[in-house]
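Asker: Let me begin by handing over the structure; questions about it come next.
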Amino acid sequence: LLPASAFSTRRPPPATSNNNNAIRYRYSQSQLPPLFSSKNYNSNNKDDTDNLLEKARKLRQEVSAIESSKAEIQQQKDAKQKLRQAEEEEARVRQGELRMRYSVDVPILKDMGEEVMERVDFPPRLKGGEF
């Protein structure tokens with residue numbers, strides 16, 4: 001019978017006079033898995049590829065979901081901003097109408113003898129401006 005070490009595919013330790021180097025070499029070699037053995041490489045390669053493709057598909061779906069939610073949020077913000085702008089414009093129009101109701105153009109004589117029409121505002125007599 002042959003010892004189990006006779007069938008080992010690992011290289012023998014380098015020939016050195018220092019025994020510590022041989023121990024370190026054996027320890028480091030025992031920690032490494034066999035690289036690219038035909039059995040592991042062929043069977044795992046297809047599985048790894050399929051797994052990576054599946055992960056990529058899931059990541060693309062997540063990205064598209066995030067982008068669509070960002071677009072929805074931006075649309076909601078835009079709608080709120082348009083509504084706020086419309087309300088502000090409506091308030092300005094009401095304020096302008098109220099000013100026009102309680103103001104009048106009056107001719108005013110200036111220093112050089114020229115007459116200029118200026119708008120003069122009067123406060124309403126009743127609160128709320130209603131009669």
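All residue names refer to the structure tokens as shown: chains lettered A, B, ... in order, residues numbered from 1 in each chain, ligands numbered from 1 in order.
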Which residues come within 9 Å of Val120 in chain A, counting only C-alpha atoms, excluding same-chain residues fewer than 4 positions away, as a ChimeraX atom specification?

Answerer: /A:102-106

Asker: Among range 47-112 of chain A, which ones does DSSP assign to strand (DSSP E) (computed from the backbone)? Answer as a VMD selection string.

Answerer: chain A and resid 103 to 109

Asker: Take the residues from that selection and put them in a file with N, CA and C atoms, as a PDB file, in the first residue's frame.

Answerer:
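For reference, part-v2.pdb as written:
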ATOM      1  N   SER A 103     -59.859 102.382  -4.927  1.00  0.00           N
ATOM      2  CA  SER A 103     -58.897 103.371  -5.394  1.00  0.00           C
ATOM      3  C   SER A 103     -59.498 104.147  -6.558  1.00  0.00           C
ATOM      4  N   VAL A 104     -58.893 105.277  -6.819  1.00  0.00           N
ATOM      5  CA  VAL A 104     -59.374 106.125  -7.904  1.00  0.00           C
ATOM      6  C   VAL A 104     -58.179 106.852  -8.499  1.00  0.00           C
ATOM      7  N   ASP A 105     -58.286 107.183  -9.808  1.00  0.00           N
ATOM      8  CA  ASP A 105     -57.262 107.996 -10.459  1.00  0.00           C
ATOM      9  C   ASP A 105     -57.603 109.463 -10.213  1.00  0.00           C
ATOM     10  N   VAL A 106     -56.642 110.191  -9.647  1.00  0.00           N
ATOM     11  CA  VAL A 106     -56.848 111.600  -9.302  1.00  0.00           C
ATOM     12  C   VAL A 106     -55.791 112.422 -10.055  1.00  0.00           C
ATOM     13  N   PRO A 107     -56.243 113.543 -10.670  1.00  0.00           N
ATOM     14  CA  PRO A 107     -55.253 114.424 -11.309  1.00  0.00           C
ATOM     15  C   PRO A 107     -54.482 115.210 -10.235  1.00  0.00           C
ATOM     16  N   ILE A 108     -53.148 115.162 -10.322  1.00  0.00           N
ATOM     17  CA  ILE A 108     -52.318 115.852  -9.337  1.00  0.00           C
ATOM     18  C   ILE A 108     -51.431 116.838 -10.090  1.00  0.00           C
ATOM     19  N   LEU A 109     -51.381 118.080  -9.579  1.00  0.00           N
ATOM     20  CA  LEU A 109     -50.579 119.127 -10.183  1.00  0.00           C
ATOM     21  C   LEU A 109     -49.163 119.032  -9.615  1.00  0.00           C
TER      22      LEU A 109
END

Asker: Measure the distance from CA of Met100 in chain A to CA of Met117 in chain A in Å and round it to one decimal.

Answerer: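 CA of Met117 in chain A lies at a distance of 14.9 Å from CA of Met100 in chain A.
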
Asker: Between CA of Asp121 in chain A and CA of Glu97 in chain A, what is the spacing in Å?

Answerer: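 Computing it gives 12.1 Å between the two atoms.
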